[in-house]
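The structure file target-v5.cif is reproduced below (mmCIF, N, CA and C atoms).
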```cif
data_data
loop_
_atom_site.group_PDB
_atom_site.id
_atom_site.type_symbol
_atom_site.label_atom_id
_atom_site.label_comp_id
_atom_site.auth_asym_id
_atom_site.auth_seq_id
_atom_site.Cartn_x
_atom_site.Cartn_y
_atom_site.Cartn_z
ATOM 1 N N MET U 1404 31.229 -23.834 62.661
ATOM 2 C CA MET U 1404 31.189 -25.167 62.079
ATOM 3 C C MET U 1404 32.188 -25.232 60.924
ATOM 4 N N MET U 1405 33.074 -26.212 60.966
ATOM 5 C CA MET U 1405 34.101 -26.359 59.936
ATOM 6 C C MET U 1405 33.547 -27.119 58.729
ATOM 7 N N LEU U 1406 33.980 -26.705 57.528
ATOM 8 C CA LEU U 1406 33.508 -27.310 56.288
ATOM 9 C C LEU U 1406 34.463 -28.353 55.734
ATOM 10 N N ASN U 1407 35.505 -28.707 56.483
ATOM 11 C CA ASN U 1407 36.507 -29.640 55.980
ATOM 12 C C ASN U 1407 35.885 -30.996 55.656
ATOM 13 N N PHE U 1408 36.297 -31.561 54.531
ATOM 14 C CA PHE U 1408 35.868 -32.893 54.169
ATOM 15 C C PHE U 1408 36.888 -33.890 54.684
ATOM 16 N N LYS U 1409 36.424 -34.989 55.174
ATOM 17 C CA LYS U 1409 37.299 -35.995 55.764
ATOM 18 C C LYS U 1409 38.322 -36.490 54.740
ATOM 19 N N GLY U 1410 39.598 -36.539 55.165
ATOM 20 C CA GLY U 1410 40.657 -37.028 54.295
ATOM 21 C C GLY U 1410 41.387 -35.955 53.514
ATOM 22 N N PHE U 1411 40.851 -34.732 53.484
ATOM 23 C CA PHE U 1411 41.500 -33.642 52.765
ATOM 24 C C PHE U 1411 42.389 -32.846 53.700
ATOM 25 N N ASP U 1412 43.523 -32.358 53.185
ATOM 26 C CA ASP U 1412 44.370 -31.403 53.892
ATOM 27 C C ASP U 1412 44.144 -30.041 53.258
ATOM 28 N N TYR U 1413 43.950 -29.027 54.084
ATOM 29 C CA TYR U 1413 43.749 -27.668 53.603
ATOM 30 C C TYR U 1413 44.974 -26.834 53.944
ATOM 31 N N VAL U 1414 45.517 -26.144 52.932
ATOM 32 C CA VAL U 1414 46.743 -25.357 53.090
ATOM 33 C C VAL U 1414 46.440 -23.900 52.764
ATOM 34 N N SER U 1415 46.741 -23.018 53.703
ATOM 35 C CA SER U 1415 46.605 -21.586 53.489
ATOM 36 C C SER U 1415 47.910 -21.071 52.896
ATOM 37 N N VAL U 1416 47.825 -20.336 51.775
ATOM 38 C CA VAL U 1416 49.008 -19.819 51.094
ATOM 39 C C VAL U 1416 49.007 -18.301 51.201
ATOM 40 N N TYR U 1417 50.141 -17.741 51.680
ATOM 41 C CA TYR U 1417 50.286 -16.305 51.881
ATOM 42 C C TYR U 1417 51.491 -15.818 51.083
ATOM 43 N N THR U 1418 51.346 -14.722 50.357
ATOM 44 C CA THR U 1418 52.460 -14.154 49.594
ATOM 45 C C THR U 1418 52.734 -12.733 50.071
ATOM 46 N N LYS U 1419 54.022 -12.337 50.030
ATOM 47 C CA LYS U 1419 54.399 -10.985 50.451
ATOM 48 C C LYS U 1419 55.601 -10.501 49.656
ATOM 49 N N ASN U 1420 55.554 -9.238 49.249
ATOM 50 C CA ASN U 1420 56.660 -8.616 48.532
ATOM 51 C C ASN U 1420 57.621 -8.004 49.548
ATOM 52 N N GLU U 1421 58.839 -8.553 49.645
ATOM 53 C CA GLU U 1421 59.865 -8.027 50.539
ATOM 54 C C GLU U 1421 61.113 -7.601 49.760
ATOM 55 N N THR U 1422 60.935 -7.203 48.520
ATOM 56 C CA THR U 1422 62.075 -6.859 47.669
ATOM 57 C C THR U 1422 62.677 -5.505 48.010
ATOM 58 N N ASN U 1423 61.953 -4.643 48.719
ATOM 59 C CA ASN U 1423 62.397 -3.278 49.019
ATOM 60 C C ASN U 1423 62.731 -2.509 47.745
ATOM 61 N N MET U 1424 62.058 -2.852 46.673
ATOM 62 C CA MET U 1424 62.237 -2.175 45.393
ATOM 63 C C MET U 1424 60.894 -1.635 44.930
ATOM 64 N N ILE U 1425 60.965 -0.570 44.159
ATOM 65 C CA ILE U 1425 59.741 -0.049 43.559
ATOM 66 C C ILE U 1425 59.413 -0.918 42.357
ATOM 67 N N ILE U 1426 58.278 -1.544 42.427
ATOM 68 C CA ILE U 1426 57.818 -2.427 41.357
ATOM 69 C C ILE U 1426 56.525 -1.829 40.808
ATOM 70 N N PRO U 1427 56.377 -1.772 39.494
ATOM 71 C CA PRO U 1427 55.113 -1.270 38.950
ATOM 72 C C PRO U 1427 53.929 -2.032 39.552
ATOM 73 N N VAL U 1428 52.887 -1.304 39.864
ATOM 74 C CA VAL U 1428 51.730 -1.867 40.559
ATOM 75 C C VAL U 1428 51.184 -3.105 39.857
ATOM 76 N N HIS U 1429 51.043 -3.059 38.525
ATOM 77 C CA HIS U 1429 50.468 -4.203 37.821
ATOM 78 C C HIS U 1429 51.371 -5.435 37.916
ATOM 79 N N LEU U 1430 52.696 -5.241 37.922
ATOM 80 C CA LEU U 1430 53.619 -6.369 38.062
ATOM 81 C C LEU U 1430 53.554 -6.938 39.473
ATOM 82 N N GLN U 1431 53.528 -6.064 40.477
ATOM 83 C CA GLN U 1431 53.417 -6.532 41.859
ATOM 84 C C GLN U 1431 52.120 -7.309 42.062
ATOM 85 N N ASN U 1432 51.027 -6.799 41.536
ATOM 86 C CA ASN U 1432 49.742 -7.503 41.662
ATOM 87 C C ASN U 1432 49.796 -8.873 41.007
ATOM 88 N N ASP U 1433 50.448 -8.961 39.848
ATOM 89 C CA ASP U 1433 50.576 -10.255 39.168
ATOM 90 C C ASP U 1433 51.419 -11.230 39.986
ATOM 91 N N LEU U 1434 52.520 -10.738 40.581
ATOM 92 C CA LEU U 1434 53.372 -11.602 41.391
ATOM 93 C C LEU U 1434 52.655 -12.095 42.644
ATOM 94 N N LEU U 1435 51.902 -11.210 43.278
ATOM 95 C CA LEU U 1435 51.232 -11.561 44.526
ATOM 96 C C LEU U 1435 49.908 -12.277 44.309
ATOM 97 N N ASP U 1436 49.382 -12.258 43.084
ATOM 98 C CA ASP U 1436 48.139 -12.969 42.769
ATOM 99 C C ASP U 1436 48.497 -14.420 42.498
ATOM 100 N N PHE U 1437 48.786 -15.106 43.544
ATOM 101 C CA PHE U 1437 49.279 -16.478 43.469
ATOM 102 C C PHE U 1437 48.111 -17.421 43.218
ATOM 103 N N SER U 1438 48.088 -18.043 42.073
ATOM 104 C CA SER U 1438 47.020 -18.982 41.742
ATOM 105 C C SER U 1438 47.356 -20.354 42.307
ATOM 106 N N THR U 1439 46.469 -20.860 43.145
ATOM 107 C CA THR U 1439 46.700 -22.156 43.782
ATOM 108 C C THR U 1439 45.984 -23.282 43.056
ATOM 109 N N LEU U 1440 45.212 -22.964 42.045
ATOM 110 C CA LEU U 1440 44.385 -23.970 41.373
ATOM 111 C C LEU U 1440 45.201 -25.142 40.846
ATOM 112 N N GLU U 1441 46.346 -24.861 40.246
ATOM 113 C CA GLU U 1441 47.148 -25.940 39.658
ATOM 114 C C GLU U 1441 47.925 -26.741 40.707
ATOM 115 N N LEU U 1442 47.971 -26.251 41.951
ATOM 116 C CA LEU U 1442 48.658 -26.982 43.017
ATOM 117 C C LEU U 1442 47.784 -28.067 43.636
ATOM 118 N N ASN U 1443 46.476 -27.902 43.554
ATOM 119 C CA ASN U 1443 45.567 -28.839 44.194
ATOM 120 C C ASN U 1443 45.799 -30.262 43.684
ATOM 121 N N THR U 1444 45.704 -31.200 44.612
ATOM 122 C CA THR U 1444 45.826 -32.609 44.268
ATOM 123 C C THR U 1444 44.554 -33.316 44.701
ATOM 124 N N LYS U 1445 44.559 -34.609 44.573
ATOM 125 C CA LYS U 1445 43.367 -35.383 44.925
ATOM 126 C C LYS U 1445 42.981 -35.195 46.399
ATOM 127 N N TRP U 1446 43.975 -35.005 47.282
ATOM 128 C CA TRP U 1446 43.708 -34.944 48.718
ATOM 129 C C TRP U 1446 44.160 -33.662 49.399
ATOM 130 N N THR U 1447 44.689 -32.706 48.624
ATOM 131 C CA THR U 1447 45.187 -31.459 49.206
ATOM 132 C C THR U 1447 44.583 -30.274 48.467
ATOM 133 N N VAL U 1448 44.057 -29.313 49.241
ATOM 134 C CA VAL U 1448 43.447 -28.116 48.676
ATOM 135 C C VAL U 1448 44.242 -26.906 49.158
ATOM 136 N N TYR U 1449 44.777 -26.114 48.220
ATOM 137 C CA TYR U 1449 45.532 -24.905 48.530
ATOM 138 C C TYR U 1449 44.630 -23.700 48.296
ATOM 139 N N LEU U 1450 44.583 -22.780 49.279
ATOM 140 C CA LEU U 1450 43.744 -21.600 49.154
ATOM 141 C C LEU U 1450 44.560 -20.356 49.487
ATOM 142 N N SER U 1451 44.569 -19.372 48.569
ATOM 143 C CA SER U 1451 45.319 -18.144 48.814
ATOM 144 C C SER U 1451 44.465 -17.100 49.513
ATOM 145 N N ASN U 1452 43.177 -17.274 49.536
ATOM 146 C CA ASN U 1452 42.276 -16.379 50.264
ATOM 147 C C ASN U 1452 41.598 -17.193 51.351
ATOM 148 N N LYS U 1453 41.924 -16.877 52.612
ATOM 149 C CA LYS U 1453 41.334 -17.628 53.715
ATOM 150 C C LYS U 1453 39.820 -17.517 53.672
ATOM 151 N N GLN U 1454 39.173 -18.637 53.908
ATOM 152 C CA GLN U 1454 37.716 -18.687 53.883
ATOM 153 C C GLN U 1454 37.201 -19.068 55.260
ATOM 154 N N LYS U 1455 36.108 -18.424 55.663
ATOM 155 C CA LYS U 1455 35.490 -18.737 56.943
ATOM 156 C C LYS U 1455 34.985 -20.172 56.931
ATOM 157 N N GLY U 1456 35.083 -20.817 58.079
ATOM 158 C CA GLY U 1456 34.525 -22.149 58.221
ATOM 159 C C GLY U 1456 35.459 -23.273 57.812
ATOM 160 N N ILE U 1457 36.674 -22.937 57.369
ATOM 161 C CA ILE U 1457 37.634 -23.974 56.986
ATOM 162 C C ILE U 1457 38.737 -23.999 58.037
ATOM 163 N N GLY U 1458 38.998 -25.180 58.570
ATOM 164 C CA GLY U 1458 40.113 -25.357 59.496
ATOM 165 C C GLY U 1458 41.339 -25.760 58.701
ATOM 166 N N TYR U 1459 42.343 -24.905 58.667
ATOM 167 C CA TYR U 1459 43.534 -25.160 57.857
ATOM 168 C C TYR U 1459 44.497 -26.083 58.602
ATOM 169 N N ASP U 1460 45.005 -27.062 57.873
ATOM 170 C CA ASP U 1460 45.944 -28.022 58.437
ATOM 171 C C ASP U 1460 47.375 -27.509 58.358
ATOM 172 N N TYR U 1461 47.669 -26.715 57.339
ATOM 173 C CA TYR U 1461 49.025 -26.217 57.109
ATOM 174 C C TYR U 1461 48.972 -24.792 56.589
ATOM 175 N N GLY U 1462 50.085 -24.084 56.711
ATOM 176 C CA GLY U 1462 50.228 -22.751 56.150
ATOM 177 C C GLY U 1462 51.514 -22.686 55.352
ATOM 178 N N MET U 1463 51.493 -21.929 54.261
ATOM 179 C CA MET U 1463 52.677 -21.783 53.425
ATOM 180 C C MET U 1463 52.856 -20.289 53.131
ATOM 181 N N ALA U 1464 54.035 -19.755 53.430
ATOM 182 C CA ALA U 1464 54.335 -18.340 53.175
ATOM 183 C C ALA U 1464 55.364 -18.251 52.058
ATOM 184 N N ILE U 1465 55.081 -17.422 51.060
ATOM 185 C CA ILE U 1465 55.999 -17.196 49.950
ATOM 186 C C ILE U 1465 56.400 -15.725 50.007
ATOM 187 N N HIS U 1466 57.685 -15.474 50.249
ATOM 188 C CA HIS U 1466 58.219 -14.120 50.348
ATOM 189 C C HIS U 1466 59.099 -13.848 49.148
ATOM 190 N N PHE U 1467 58.763 -12.811 48.395
ATOM 191 C CA PHE U 1467 59.585 -12.399 47.261
ATOM 192 C C PHE U 1467 60.648 -11.436 47.800
ATOM 193 N N ARG U 1468 61.914 -11.807 47.610
ATOM 194 C CA ARG U 1468 63.008 -10.977 48.140
ATOM 195 C C ARG U 1468 63.912 -10.512 47.033
#
```

Transcribe the structure of this file into structure tokens.
Amino acid sequence: MMLNFKGFDYVSVYTKNETNMIIPVHLQNDLLDFSTLELNTKWTVYLSNKQKGIGYDYGMAIHFR
């Protein structure tokens, strides 16, 4: 059963480090810990951790190169 509310768009956000460089673990974690809270709008919900029961309308991939 999907939990989507009518009129909302749900966007799954995925981040990946493709720099091929050694980055200190804490810096890499900070870069990949993409906060979607400030992206949300009145009708669009961005989620960086996929949740069961939500049918995603869109996907967004962010690759650090």

- prompt: Hey, what does DSSP flag as alpha helix (DSSP H) within chain U? Can you give it to me as a ChimeraX atom specification?
  reply: /U:1428-1435

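Between atom C of U:Leu1442 and atom N of U:Met1424 lies a distance of 29.1 Å.
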
- request: Go ahead and compute the interatomic distance for atom C of U:Tyr1417 and atom CA of U:Lys1453, in Å to one decimal.
  value: 10.6 Å

query: If you run DSSP on the backbone, which residues of chain U are strand (DSSP E or B), as a ChimeraX atom specification?
result: /U:1412-1420,1447-1450,1461-1467

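Take atom C of U:Asn1432 and atom CA of U:Val1414: the distance between them is 20.7 Å.
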
Could you put an axis-aligned box around every listed atom of stretch 1438-1453 of chain U, padded by 6 Å on each side, and send me its centre and edge lengths in Å to one decimal, as JSON?
```
{"center_x": 44.2, "center_y": -25.9, "center_z": 46.7, "size_x": 20.8, "size_y": 31.0, "size_z": 26.1}
```

- request: Taking the file as shown, find all residues satisfying the PyMOL selection byres (((chain U and resi 1467 and name CA) around 9) and name CA) and write them as a list of chain:residue names.
  value: U:Thr1418, U:Lys1419, U:Asn1420, U:Glu1421, U:Thr1422, U:Leu1434, U:Leu1435, U:Ile1465, U:His1466, U:Arg1468

message: Residue by residue, what does the PyMOL selection byres ((chain U and resi 1415) around 5) grab here? Present the result as a list in words.
response: Tyr1413, Val1414, Val1416, Tyr1417, Leu1450, Tyr1461, Gly1462 and Met1463 of chain U

statement: U:Lys1445 proximity check over U:Asn1423, U:Ala1464, U:Val1428, U:Phe1411, using only N, CA and C atoms: winner is U:Phe1411

task: Specify as JSON, numbers by chain each residue included when the PyMOL selection byres (((chain U and resi 1410 and name CA) around 12) and name CA) is applied to this file.
output: {"U": [1407, 1408, 1409, 1411, 1412, 1413, 1445, 1446, 1447, 1448, 1460]}

What would the file look like if the residues just selected were written as a PDB file, in the frame of the given file with N, CA and C atoms?
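Output saved as again.pdb:
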```
ATOM      1  N   ASN U1407      35.505 -28.707  56.483  1.00  0.00           N
ATOM      2  CA  ASN U1407      36.507 -29.640  55.980  1.00  0.00           C
ATOM      3  C   ASN U1407      35.885 -30.996  55.656  1.00  0.00           C
ATOM      4  N   PHE U1408      36.297 -31.561  54.531  1.00  0.00           N
ATOM      5  CA  PHE U1408      35.868 -32.893  54.169  1.00  0.00           C
ATOM      6  C   PHE U1408      36.888 -33.890  54.684  1.00  0.00           C
ATOM      7  N   LYS U1409      36.424 -34.989  55.174  1.00  0.00           N
ATOM      8  CA  LYS U1409      37.299 -35.995  55.764  1.00  0.00           C
ATOM      9  C   LYS U1409      38.322 -36.490  54.740  1.00  0.00           C
ATOM     10  N   PHE U1411      40.851 -34.732  53.484  1.00  0.00           N
ATOM     11  CA  PHE U1411      41.500 -33.642  52.765  1.00  0.00           C
ATOM     12  C   PHE U1411      42.389 -32.846  53.700  1.00  0.00           C
ATOM     13  N   ASP U1412      43.523 -32.358  53.185  1.00  0.00           N
ATOM     14  CA  ASP U1412      44.370 -31.403  53.892  1.00  0.00           C
ATOM     15  C   ASP U1412      44.144 -30.041  53.258  1.00  0.00           C
ATOM     16  N   TYR U1413      43.950 -29.027  54.084  1.00  0.00           N
ATOM     17  CA  TYR U1413      43.749 -27.668  53.603  1.00  0.00           C
ATOM     18  C   TYR U1413      44.974 -26.834  53.944  1.00  0.00           C
ATOM     19  N   LYS U1445      44.559 -34.609  44.573  1.00  0.00           N
ATOM     20  CA  LYS U1445      43.367 -35.383  44.925  1.00  0.00           C
ATOM     21  C   LYS U1445      42.981 -35.195  46.399  1.00  0.00           C
ATOM     22  N   TRP U1446      43.975 -35.005  47.282  1.00  0.00           N
ATOM     23  CA  TRP U1446      43.708 -34.944  48.718  1.00  0.00           C
ATOM     24  C   TRP U1446      44.160 -33.662  49.399  1.00  0.00           C
ATOM     25  N   THR U1447      44.689 -32.706  48.624  1.00  0.00           N
ATOM     26  CA  THR U1447      45.187 -31.459  49.206  1.00  0.00           C
ATOM     27  C   THR U1447      44.583 -30.274  48.467  1.00  0.00           C
ATOM     28  N   VAL U1448      44.057 -29.313  49.241  1.00  0.00           N
ATOM     29  CA  VAL U1448      43.447 -28.116  48.676  1.00  0.00           C
ATOM     30  C   VAL U1448      44.242 -26.906  49.158  1.00  0.00           C
ATOM     31  N   ASP U1460      45.005 -27.062  57.873  1.00  0.00           N
ATOM     32  CA  ASP U1460      45.944 -28.022  58.437  1.00  0.00           C
ATOM     33  C   ASP U1460      47.375 -27.509  58.358  1.00  0.00           C
TER      34      ASP U1460
END
```
